[in-house]
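Engineer: Please see the structure below; I have some questions.
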Amino acid sequence: MNFTPVRTPLLLQHAFRDVIWNIPNEKKVIYLTFDDGPTPEVTDWTLNTLDCYRAKATFFCVGENVKTHPDIFERIKANGHAIGNHTHNHIKGWKSSTQDYLNNIEKASSYISSKLFRPPYGQIYPRQIAAISKLKYKIIMWTILSLDWNNQVSKEKCLKNVIDNSSDGDIIVFHDSIKASNNMMYTLPKVLEYFSKKGFEFKRIPESIL
Ligand SMILES: [Zn+2]
């Protein structure tokens with residue numbers, strides 16, 4: 001799977017039913033997710049910003065970043081957010097054998113105790129989905145891409161991507177990485193403000209989906 005539309009087409013969601021695209025039947029709830037951290041310059045700021053709105057989120061961490069920044073990883077958990085596995089070295093499913101891919105996920109799991117998994121770049125083969133699911137991981141994709149990492153996307157467009165497209169039960173992708181920080185740091189507070197005023201709550205991906 002690989003795609004860059006802001007909102008994941010329903011056709012694609014239906015084609016891959018073994019993964020999670022949204023949390024259905026959740027009225028006035030949005031699921032913010034942050035990939036690729038922990039990153040000292042960005043993750044602490046993200047945690048402080050979420051706290052201002054009493055928002056909870058899910059952080060899909062890269063194992064080697066957790067190894068380097070265990071203190072920030074502990075702070076994510078202490079603040080009540082969920083964590084997920086995003087491989088140990090941020091590897092591409094399409095460029096990895098299924099066994100190598102599983103090994104990299106398992107390596108990350110010695111630092112990240114979670115059965116939520118998100119494939120880097122959204123790249124994953126159906127046989128890899130099957131193998132990962134067999135290990136009792138739940139694969140969490142997304143409903144909305146903010147495209148915060150893309151330097152062709154302005155910060156105003158990044159905000160518009162989220163505001164114009166998000167609704168009940170949607171899973172939104174941001175990145176707590178240096179690369180995405182310009183767009184993400186502009187967009188996140190405005191998204192929190194906008195949807196809070198509309199009566200939305202921000203929750204972590206619930207354990208009940210496992
Ligand atoms: Zn990633």
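Residues are named by chain letter and number: chains run A, B, ... in the order of the structure tokens, numbers start at 1 in each chain, and ligands are numbered from 1 in the order shown.
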Which chains and residue numbers are within 8 Å of ligand 1, counting only C-alpha atoms and all ligand atoms, if I want them as a list in words?
Structural biologist: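 Result of the 8 Å neighbour search around ligand 1: Asp35, Asp36, Phe60, Val62, His86, His90, Pro119, Pro120, Tyr121 and His175 of chain A.
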Engineer: Can you list every residue in stretch 102-173 of chain A that DSSP puts in alpha helix (DSSP H), as a PyMOL selection string?
Structural biologist: chain A and resi 102-109+126-134+155-165
Engineer: List the neighbours of stretch 154-163 of chain A out to 10 Å using only C-alpha atoms; skip same-chain residues closer than 6 positions along the sequence, and give me the result as a ChimeraX atom specification.
Structural biologist: /A:5-7,144-148,172-174,180-191,194-195
Engineer: Produce a table with one row for each residue of stretch 115-198 of chain A that has an atom at most 10 Å from any atom of stretch 71-84 of chain A, each row naming the nearest atom pair and its distance in Å at one decimal; use only C-alpha atoms; arrange rows by chain and rising residue number; format as a tab-separated table.
Structural biologist:
residue	atom	partner	partner_atom	distance
A:Lys115	CA	A:Gly84	CA	6.8
A:Leu116	CA	A:Gly84	CA	4.7
A:Phe117	CA	A:Gly84	CA	5.5
A:Arg118	CA	A:Gly84	CA	7.2
A:Tyr137	CA	A:Gly84	CA	9.8
A:Lys138	CA	A:Gly84	CA	9.7
A:Ile139	CA	A:Gly84	CA	9.6
A:Ile140	CA	A:Gly84	CA	9.0
Engineer: Let me see the file: selected residues, N, CA and C atoms, as a PDB file, in the first residue's frame.
Structural biologist:
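Wrote it out as result.pdb, contents follow:
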ATOM      1  N   LYS A 115       1.311  -3.547  21.390  1.00  0.00           N
ATOM      2  CA  LYS A 115       0.887  -4.388  20.267  1.00  0.00           C
ATOM      3  C   LYS A 115       0.219  -3.559  19.176  1.00  0.00           C
ATOM      4  N   LEU A 116       0.383  -2.241  19.232  1.00  0.00           N
ATOM      5  CA  LEU A 116      -0.064  -1.400  18.129  1.00  0.00           C
ATOM      6  C   LEU A 116       1.126  -1.236  17.187  1.00  0.00           C
ATOM      7  N   PHE A 117       0.886  -1.385  15.903  1.00  0.00           N
ATOM      8  CA  PHE A 117       1.984  -1.252  14.930  1.00  0.00           C
ATOM      9  C   PHE A 117       1.557  -0.373  13.767  1.00  0.00           C
ATOM     10  N   ARG A 118       2.443   0.520  13.362  1.00  0.00           N
ATOM     11  CA  ARG A 118       2.203   1.279  12.124  1.00  0.00           C
ATOM     12  C   ARG A 118       3.407   1.130  11.197  1.00  0.00           C
ATOM     13  N   TYR A 137      -0.140  -8.345  16.716  1.00  0.00           N
ATOM     14  CA  TYR A 137      -0.119  -6.891  16.576  1.00  0.00           C
ATOM     15  C   TYR A 137      -1.379  -6.437  15.859  1.00  0.00           C
ATOM     16  N   LYS A 138      -1.856  -5.239  16.200  1.00  0.00           N
ATOM     17  CA  LYS A 138      -2.933  -4.603  15.452  1.00  0.00           C
ATOM     18  C   LYS A 138      -2.293  -3.513  14.605  1.00  0.00           C
ATOM     19  N   ILE A 139      -2.534  -3.556  13.303  1.00  0.00           N
ATOM     20  CA  ILE A 139      -1.913  -2.595  12.397  1.00  0.00           C
ATOM     21  C   ILE A 139      -2.808  -1.365  12.287  1.00  0.00           C
ATOM     22  N   ILE A 140      -2.250  -0.233  12.672  1.00  0.00           N
ATOM     23  CA  ILE A 140      -3.017   1.015  12.701  1.00  0.00           C
ATOM     24  C   ILE A 140      -2.581   1.897  11.541  1.00  0.00           C
TER      25      ILE A 140
END
Engineer: Residues of stretch 65-99 of chain A in strand (DSSP E) according to DSSP, as a PyMOL selection string?
Structural biologist: chain A and resi 82-85
Engineer: I need the chosen residues saved as an mmCIF file, in the first residue's frame, with N, CA and C atoms.
Structural biologist:
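Full text of out_20.cif as output:
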data_model
loop_
_atom_site.group_PDB
_atom_site.id
_atom_site.type_symbol
_atom_site.label_atom_id
_atom_site.label_comp_id
_atom_site.auth_asym_id
_atom_site.auth_seq_id
_atom_site.Cartn_x
_atom_site.Cartn_y
_atom_site.Cartn_z
ATOM 1 N N ALA A 82 -0.834 6.796 24.466
ATOM 2 C CA ALA A 82 -0.535 5.424 24.042
ATOM 3 C C ALA A 82 0.740 5.442 23.207
ATOM 4 N N ILE A 83 1.418 4.301 23.184
ATOM 5 C CA ILE A 83 2.599 4.164 22.343
ATOM 6 C C ILE A 83 2.376 3.012 21.364
ATOM 7 N N GLY A 84 3.101 3.080 20.249
ATOM 8 C CA GLY A 84 3.034 2.013 19.266
ATOM 9 C C GLY A 84 4.402 1.786 18.653
ATOM 10 N N ASN A 85 4.531 0.646 18.002
ATOM 11 C CA ASN A 85 5.789 0.198 17.386
ATOM 12 C C ASN A 85 5.822 0.671 15.926
#
Engineer: Nearest to A:Asn22: which of A:Trp149, A:Trp142, A:Phe34, A:Phe59 is it, counting only C-alpha atoms?
Structural biologist: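 Closest candidate: A:Trp142.
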Engineer: Which of these, A:Asn89, A:Thr98, A:Ser133, A:Thr4, has the shortest distance to A:Ile20 once you count only C-alpha atoms?
Structural biologist: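 Nearest candidate to A:Ile20 out of A:Asn89, A:Thr98, A:Ser133, A:Thr4: A:Ser133.
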Engineer: Grab the atom CA of A:Thr58 to atom CA of A:Pro70 distance for me, in Å with one decimal place.
Structural biologist: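 So the two atoms, atom CA of A:Thr58 and atom CA of A:Pro70, lie 16.7 Å apart.
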Engineer: Find, counting only C-alpha atoms, the residue in A:Met141, A:Val66, A:Leu32, A:Val153 that gets nearest to A:Ser167.
Structural biologist: A:Leu32
